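entry-v5.pdb follows (PDB, C-alpha atoms, pLDDT in the B column):
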ATOM      1  CA  MET R   1     338.781  15.625   0.102  1.00 92.00           C
ATOM      2  CA  VAL R   2     337.927  19.045  -1.348  1.00 96.00           C
ATOM      3  CA  ASN R   3     338.980  21.965   0.820  1.00 97.00           C
ATOM      4  CA  ILE R   4     336.941  25.187   0.576  1.00 98.00           C
ATOM      5  CA  ALA R   5     337.896  28.395   2.393  1.00 98.00           C
ATOM      6  CA  ILE R   6     335.444  31.219   3.032  1.00 98.00           C
ATOM      7  CA  ILE R   7     337.258  34.464   3.796  1.00 98.00           C
ATOM      8  CA  TYR R   8     335.152  37.435   4.770  1.00 98.00           C
ATOM      9  CA  PHE R   9     334.837  40.609   6.806  1.00 97.00           C
ATOM     10  CA  SER R  10     331.755  41.226   8.904  1.00 96.00           C
ATOM     11  CA  GLY R  11     331.203  44.556  10.599  1.00 92.00           C
ATOM     12  CA  THR R  12     327.803  43.990  12.197  1.00 92.00           C
ATOM     13  CA  GLY R  13     327.493  40.205  12.005  1.00 94.00           C
ATOM     14  CA  HIS R  14     325.312  39.950   8.895  1.00 94.00           C
ATOM     15  CA  THR R  15     328.145  38.837   6.618  1.00 96.00           C
ATOM     16  CA  HIS R  16     329.198  36.332   9.283  1.00 97.00           C
ATOM     17  CA  LEU R  17     325.710  34.804   9.232  1.00 97.00           C
ATOM     18  CA  MET R  18     325.880  34.550   5.450  1.00 97.00           C
ATOM     19  CA  ALA R  19     329.321  32.887   5.664  1.00 98.00           C
ATOM     20  CA  GLU R  20     327.964  30.382   8.190  1.00 98.00           C
ATOM     21  CA  SER R  21     325.013  29.593   5.908  1.00 97.00           C
ATOM     22  CA  ILE R  22     327.311  29.016   2.939  1.00 96.00           C
ATOM     23  CA  ALA R  23     329.541  26.799   5.099  1.00 98.00           C
ATOM     24  CA  ALA R  24     326.492  24.787   6.209  1.00 97.00           C
ATOM     25  CA  GLY R  25     325.589  24.222   2.564  1.00 96.00           C
ATOM     26  CA  VAL R  26     329.135  23.169   1.702  1.00 95.00           C
ATOM     27  CA  GLN R  27     329.153  20.684   4.584  1.00 95.00           C
ATOM     28  CA  THR R  28     326.250  18.794   3.017  1.00 95.00           C
ATOM     29  CA  ILE R  29     328.572  17.692   0.202  1.00 95.00           C
ATOM     30  CA  SER R  30     330.488  14.494   0.965  1.00 96.00           C
ATOM     31  CA  ASP R  31     334.286  14.574   1.012  1.00 96.00           C
ATOM     32  CA  THR R  32     334.290  18.360   1.452  1.00 96.00           C
ATOM     33  CA  LYS R  33     335.899  20.384   4.221  1.00 96.00           C
ATOM     34  CA  VAL R  34     335.121  24.067   4.797  1.00 98.00           C
ATOM     35  CA  GLN R  35     337.009  26.704   6.783  1.00 97.00           C
ATOM     36  CA  LEU R  36     335.554  30.028   7.927  1.00 98.00           C
ATOM     37  CA  LEU R  37     338.265  32.708   7.933  1.00 98.00           C
ATOM     38  CA  ARG R  38     337.085  36.000   9.400  1.00 98.00           C
ATOM     39  CA  ILE R  39     339.063  39.163   8.700  1.00 98.00           C
ATOM     40  CA  THR R  40     339.474  41.370  11.775  1.00 96.00           C
ATOM     41  CA  GLY R  41     340.833  44.855  12.325  1.00 92.00           C
ATOM     42  CA  GLU R  42     343.643  43.449  14.478  1.00 94.00           C
ATOM     43  CA  GLN R  43     345.101  41.726  11.418  1.00 96.00           C
ATOM     44  CA  ILE R  44     345.629  45.074   9.710  1.00 95.00           C
ATOM     45  CA  ILE R  45     349.040  46.542  10.506  1.00 92.00           C
ATOM     46  CA  ASN R  46     350.044  49.877   8.995  1.00 90.00           C
ATOM     47  CA  GLY R  47     347.074  49.624   6.644  1.00 87.00           C
ATOM     48  CA  ARG R  48     348.012  46.161   5.351  1.00 89.00           C
ATOM     49  CA  TRP R  49     346.316  42.873   6.246  1.00 94.00           C
ATOM     50  CA  LYS R  50     348.614  40.149   7.508  1.00 95.00           C
ATOM     51  CA  ASP R  51     347.820  36.729   8.921  1.00 96.00           C
ATOM     52  CA  GLU R  52     350.228  33.975   7.902  1.00 95.00           C
ATOM     53  CA  VAL R  53     348.059  31.159   9.307  1.00 97.00           C
ATOM     54  CA  MET R  54     344.993  32.290   7.363  1.00 97.00           C
ATOM     55  CA  MET R  55     347.075  32.836   4.237  1.00 97.00           C
ATOM     56  CA  ALA R  56     348.413  29.277   4.493  1.00 97.00           C
ATOM     57  CA  SER R  57     344.807  28.025   4.738  1.00 97.00           C
ATOM     58  CA  LEU R  58     343.854  29.999   1.626  1.00 98.00           C
ATOM     59  CA  ASN R  59     346.894  28.764  -0.275  1.00 97.00           C
ATOM     60  CA  SER R  60     346.048  25.133   0.495  1.00 97.00           C
ATOM     61  CA  ALA R  61     342.340  25.490  -0.345  1.00 98.00           C
ATOM     62  CA  ASP R  62     340.899  24.102  -3.580  1.00 98.00           C
ATOM     63  CA  ALA R  63     338.338  26.917  -3.715  1.00 98.00           C
ATOM     64  CA  ILE R  64     338.028  30.326  -2.074  1.00 98.00           C
ATOM     65  CA  ILE R  65     334.772  32.168  -1.455  1.00 98.00           C
ATOM     66  CA  PHE R  66     335.153  35.895  -0.766  1.00 98.00           C
ATOM     67  CA  GLY R  67     332.655  37.874   1.316  1.00 98.00           C
ATOM     68  CA  SER R  68     332.274  41.509   2.287  1.00 97.00           C
ATOM     69  CA  PRO R  69     329.424  43.807   3.169  1.00 96.00           C
ATOM     70  CA  THR R  70     328.809  46.559   0.655  1.00 94.00           C
ATOM     71  CA  TYR R  71     329.800  49.886   2.182  1.00 91.00           C
ATOM     72  CA  MET R  72     329.356  53.023   0.095  1.00 88.00           C
ATOM     73  CA  GLY R  73     329.111  51.016  -3.128  1.00 87.00           C
ATOM     74  CA  GLY R  74     332.130  48.769  -2.598  1.00 92.00           C
ATOM     75  CA  VAL R  75     333.879  46.288  -0.339  1.00 95.00           C
ATOM     76  CA  ALA R  76     334.652  47.176   3.268  1.00 95.00           C
ATOM     77  CA  ALA R  77     338.042  48.776   3.896  1.00 95.00           C
ATOM     78  CA  GLN R  78     339.087  45.792   5.987  1.00 96.00           C
ATOM     79  CA  PHE R  79     338.399  43.450   3.074  1.00 97.00           C
ATOM     80  CA  LYS R  80     340.310  45.741   0.706  1.00 96.00           C
ATOM     81  CA  ALA R  81     343.274  45.610   3.115  1.00 96.00           C
ATOM     82  CA  PHE R  82     343.154  41.808   2.830  1.00 97.00           C
ATOM     83  CA  VAL R  83     343.068  41.986  -0.987  1.00 96.00           C
ATOM     84  CA  ASP R  84     346.064  44.324  -0.977  1.00 94.00           C
ATOM     85  CA  GLY R  85     347.851  42.078   1.528  1.00 94.00           C
ATOM     86  CA  ALA R  86     347.322  39.097  -0.782  1.00 95.00           C
ATOM     87  CA  SER R  87     349.353  40.728  -3.548  1.00 91.00           C
ATOM     88  CA  SER R  88     352.332  38.561  -2.584  1.00 90.00           C
ATOM     89  CA  VAL R  89     350.177  35.541  -3.500  1.00 93.00           C
ATOM     90  CA  TRP R  90     349.389  37.154  -6.847  1.00 92.00           C
ATOM     91  CA  VAL R  91     353.093  37.573  -7.665  1.00 92.00           C
ATOM     92  CA  GLN R  92     353.606  33.834  -7.161  1.00 94.00           C
ATOM     93  CA  GLN R  93     350.263  32.913  -8.825  1.00 95.00           C
ATOM     94  CA  LEU R  94     349.456  30.611  -5.873  1.00 96.00           C
ATOM     95  CA  TRP R  95     345.690  30.874  -6.443  1.00 97.00           C
ATOM     96  CA  LYS R  96     345.840  30.301 -10.200  1.00 97.00           C
ATOM     97  CA  ASP R  97     343.079  27.935 -11.390  1.00 97.00           C
ATOM     98  CA  LYS R  98     341.423  27.740  -7.958  1.00 98.00           C
ATOM     99  CA  ILE R  99     337.636  27.983  -7.994  1.00 97.00           C
ATOM    100  CA  ALA R 100     336.376  31.354  -6.701  1.00 98.00           C
ATOM    101  CA  GLY R 101     333.031  32.798  -5.705  1.00 97.00           C
ATOM    102  CA  GLY R 102     331.752  35.651  -3.627  1.00 97.00           C
ATOM    103  CA  PHE R 103     328.878  37.161  -1.688  1.00 96.00           C
ATOM    104  CA  THR R 104     327.791  40.477  -0.247  1.00 95.00           C
ATOM    105  CA  HIS R 105     324.837  42.302   1.257  1.00 91.00           C
ATOM    106  CA  SER R 106     323.888  45.816   2.243  1.00 89.00           C
ATOM    107  CA  GLY R 107     321.269  47.523   4.349  1.00 81.00           C
ATOM    108  CA  GLY R 108     319.771  49.372   1.402  1.00 75.00           C
ATOM    109  CA  LEU R 109     317.384  47.868  -1.134  1.00 72.00           C
ATOM    110  CA  SER R 110     319.785  48.805  -3.911  1.00 70.00           C
ATOM    111  CA  GLY R 111     322.994  49.563  -2.050  1.00 68.00           C
ATOM    112  CA  ASP R 112     325.187  49.111  -5.132  1.00 83.00           C
ATOM    113  CA  LYS R 113     325.878  45.464  -4.299  1.00 88.00           C
ATOM    114  CA  GLN R 114     326.667  44.820  -7.951  1.00 89.00           C
ATOM    115  CA  GLY R 115     329.788  46.973  -7.627  1.00 91.00           C
ATOM    116  CA  THR R 116     331.005  44.816  -4.753  1.00 95.00           C
ATOM    117  CA  LEU R 117     330.335  41.569  -6.606  1.00 93.00           C
ATOM    118  CA  ILE R 118     332.167  42.895  -9.661  1.00 95.00           C
ATOM    119  CA  TYR R 119     335.111  43.876  -7.435  1.00 96.00           C
ATOM    120  CA  LEU R 120     335.222  40.344  -5.967  1.00 97.00           C
ATOM    121  CA  ALA R 121     335.150  38.829  -9.475  1.00 97.00           C
ATOM    122  CA  ILE R 122     337.896  41.179 -10.690  1.00 97.00           C
ATOM    123  CA  ASN R 123     340.040  40.243  -7.701  1.00 97.00           C
ATOM    124  CA  ALA R 124     339.588  36.562  -8.615  1.00 97.00           C
ATOM    125  CA  ALA R 125     340.452  37.324 -12.249  1.00 97.00           C
ATOM    126  CA  GLN R 126     343.617  39.148 -11.164  1.00 96.00           C
ATOM    127  CA  HIS R 127     344.657  35.939  -9.374  1.00 97.00           C
ATOM    128  CA  ALA R 128     343.813  33.851 -12.495  1.00 97.00           C
ATOM    129  CA  MET R 129     341.093  32.051 -10.536  1.00 97.00           C
ATOM    130  CA  ILE R 130     337.974  30.496 -12.075  1.00 97.00           C
ATOM    131  CA  TRP R 131     334.935  32.554 -10.999  1.00 96.00           C
ATOM    132  CA  VAL R 132     331.687  30.687 -10.438  1.00 93.00           C
ATOM    133  CA  GLY R 133     328.567  32.824 -10.253  1.00 84.00           C
ATOM    134  CA  GLY R 134     325.138  31.969  -8.930  1.00 76.00           C
ATOM    135  CA  GLY R 135     322.726  29.754 -10.802  1.00 69.00           C
TER
END

Just give me the structure of the file as structure tokens.
Amino acid sequence: MVNIAIIYFSGTGHTHLMAESIAAGVQTISDTKVQLLRITGEQIINGRWKDEVMMASLNSADAIIFGSPTYMGGVAAQFKAFVDGASSVWVQQLWKDKIAGGFTHSGGLSGDKQGTLIYLAINAAQHAMIWVGGG
């Protein structure tokens, strides 16, 4: 059984809908389990994201898909707090060689979504993950 985790922040619900659509696609693959892990403001304490249950789910996943809306040319602050909070995972290299992917959207036609996708890929590279792009 392949275990895929989708961790994301959604401010207005659009990113949540995208995460649900990705999860629906994953569920069409036999022997695959998917978990939706939504980042919330309540998980951020003193500017740092912390949720031990969600972190355990990410650590046990075979693949992690990251999602954030694009705000002002980058990831949402709540998502960035998660990335910073996951630095303890980086130190232990717990996500090394896991498959990684990511998604974003913005309200603008351009919206600098490329910057967000690059950030997500760099985060995966920092964790020594294997980034899989579209196509």

Interatomic distance between CA of Ser110 (chain R) and CA of Ala23 (chain R)? 25.7 Å

I'd like the interatomic distance between CA of Asp97 (chain R) and CA of Asn123 (chain R), to a tenth of an Å. 13.2 Å

Could you tell me which residues the PyMOL selection byres ((chain R and resi 102) around 7) grabs in this file, written as a ChimeraX atom specification? /R:65-67,101,103,117,120

Result set of the PyMOL selection byres ((chain R and resi 105) around 12) on the coordinates above, as number ranges by chain: R: 8-19, 67-76, 102-104, 106-117

Might I get the box with edges along x, y and z of the file that holds all atoms of region 123-133 of chain R listed there, padded by 8 Å on every side, given as centre and edge lengths in Å to one decimal, as lines of an AutoDock Vina configuration file?
center_x = 336.6
center_y = 35.4
center_z = -10.1
size_x = 32.1
size_y = 25.7
size_z = 20.8

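Our summary of the geometry notes that CA of Arg38 (chain R) is positioned 5.8 Å from CA of Ile7 (chain R).
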
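Take the PyMOL selection byres ((chain R and resi 84-93) around 10) and apply it to this file: it picks R:Ile44, R:Gly47, R:Arg48, R:Trp49, R:Lys50, R:Asp51, R:Met55, R:Leu58, R:Asn59, R:Gln78, R:Phe79, R:Lys80, R:Ala81, R:Phe82, R:Val83, R:Leu94, R:Trp95, R:Lys96, R:Asp97, R:Asn123, R:Ala124, R:Gln126, R:His127, R:Ala128, R:Met129.
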
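Nearest to Val132 (chain R) of all the residues R:Ala56, R:Tyr119, R:Ile64, R:Asn46 is R:Ile64, counting only C-alpha atoms.
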
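Between Asp62 (chain R) and the residues R:Ile99, R:Ile118, R:Ile6, R:Leu37, the shortest atom-to-atom distance, using all atoms listed in the file, involves R:Ile99.
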
As a short mmCIF file (atom, residue, chain, number, x, y, z; two decimals), keeping the file's coordinate frame, please: region 94-105 of chain R completed to all heavy atoms.
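In the end it all went to result.cif:
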data_model
loop_
_atom_site.label_atom_id
_atom_site.label_comp_id
_atom_site.auth_asym_id
_atom_site.auth_seq_id
_atom_site.Cartn_x
_atom_site.Cartn_y
_atom_site.Cartn_z
N LEU R 94 349.80 31.76 -6.72
CA LEU R 94 349.46 30.61 -5.87
C LEU R 94 347.98 30.25 -5.93
O LEU R 94 347.61 29.13 -5.55
CB LEU R 94 349.87 30.88 -4.42
CG LEU R 94 351.37 31.04 -4.18
CD1 LEU R 94 351.64 31.36 -2.71
CD2 LEU R 94 352.13 29.79 -4.61
N TRP R 95 347.12 31.16 -6.37
CA TRP R 95 345.69 30.87 -6.44
C TRP R 95 345.24 30.60 -7.88
O TRP R 95 344.05 30.43 -8.13
CB TRP R 95 344.87 32.01 -5.85
CG TRP R 95 345.11 32.23 -4.39
CD1 TRP R 95 345.80 31.42 -3.53
CD2 TRP R 95 344.65 33.33 -3.61
NE1 TRP R 95 345.79 31.95 -2.26
CE2 TRP R 95 345.10 33.13 -2.28
CE3 TRP R 95 343.91 34.46 -3.90
CZ2 TRP R 95 344.81 34.02 -1.26
CZ3 TRP R 95 343.63 35.36 -2.88
CH2 TRP R 95 344.08 35.13 -1.56
N LYS R 96 346.18 30.53 -8.80
CA LYS R 96 345.84 30.30 -10.20
C LYS R 96 345.06 29.00 -10.34
O LYS R 96 345.43 27.97 -9.78
CB LYS R 96 347.10 30.23 -11.05
CG LYS R 96 346.81 30.05 -12.53
CD LYS R 96 348.07 30.04 -13.36
CE LYS R 96 347.65 29.88 -14.81
NZ LYS R 96 348.76 29.84 -15.71
N ASP R 97 343.96 29.07 -11.09
CA ASP R 97 343.08 27.94 -11.39
C ASP R 97 342.28 27.42 -10.20
O ASP R 97 341.61 26.39 -10.31
CB ASP R 97 343.85 26.78 -12.05
CG ASP R 97 344.40 27.18 -13.41
OD1 ASP R 97 343.77 28.03 -14.08
OD2 ASP R 97 345.46 26.66 -13.80
N LYS R 98 342.32 28.09 -9.06
CA LYS R 98 341.42 27.74 -7.96
C LYS R 98 340.02 28.24 -8.31
O LYS R 98 339.87 29.25 -8.99
CB LYS R 98 341.85 28.40 -6.64
CG LYS R 98 343.11 27.83 -6.01
CD LYS R 98 343.38 28.51 -4.68
CE LYS R 98 344.71 28.13 -4.10
NZ LYS R 98 344.70 26.85 -3.41
N ILE R 99 339.02 27.55 -7.83
CA ILE R 99 337.64 27.98 -7.99
C ILE R 99 337.40 29.16 -7.05
O ILE R 99 337.87 29.16 -5.91
CB ILE R 99 336.66 26.84 -7.68
CG1 ILE R 99 336.92 25.65 -8.60
CG2 ILE R 99 335.21 27.31 -7.74
CD1 ILE R 99 336.67 25.92 -10.06
N ALA R 100 336.67 30.17 -7.51
CA ALA R 100 336.38 31.35 -6.70
C ALA R 100 334.90 31.70 -6.79
O ALA R 100 334.23 31.43 -7.79
CB ALA R 100 337.21 32.55 -7.16
N GLY R 101 334.39 32.29 -5.75
CA GLY R 101 333.03 32.80 -5.70
C GLY R 101 332.98 33.91 -4.69
O GLY R 101 333.97 34.20 -4.01
N GLY R 102 331.84 34.56 -4.58
CA GLY R 102 331.75 35.65 -3.63
C GLY R 102 330.32 35.98 -3.25
O GLY R 102 329.38 35.57 -3.92
N PHE R 103 330.19 36.74 -2.17
CA PHE R 103 328.88 37.16 -1.69
C PHE R 103 328.99 38.50 -0.97
O PHE R 103 330.06 38.88 -0.49
CB PHE R 103 328.27 36.10 -0.76
CG PHE R 103 329.06 35.85 0.50
CD1 PHE R 103 328.71 36.47 1.69
CD2 PHE R 103 330.13 34.99 0.50
CE1 PHE R 103 329.43 36.24 2.86
CE2 PHE R 103 330.86 34.74 1.65
CZ PHE R 103 330.50 35.36 2.84
N THR R 104 327.86 39.19 -0.93
CA THR R 104 327.79 40.48 -0.25
C THR R 104 326.35 40.75 0.17
O THR R 104 325.44 39.99 -0.17
CB THR R 104 328.29 41.63 -1.15
OG1 THR R 104 328.40 42.82 -0.35
CG2 THR R 104 327.36 41.89 -2.32
N HIS R 105 326.17 41.81 0.90
CA HIS R 105 324.84 42.30 1.26
C HIS R 105 325.00 43.77 1.64
O HIS R 105 326.11 44.26 1.84
CB HIS R 105 324.23 41.51 2.43
CG HIS R 105 324.87 41.86 3.73
ND1 HIS R 105 324.40 42.86 4.53
CD2 HIS R 105 325.96 41.37 4.33
CE1 HIS R 105 325.19 42.97 5.59
NE2 HIS R 105 326.13 42.07 5.48
#
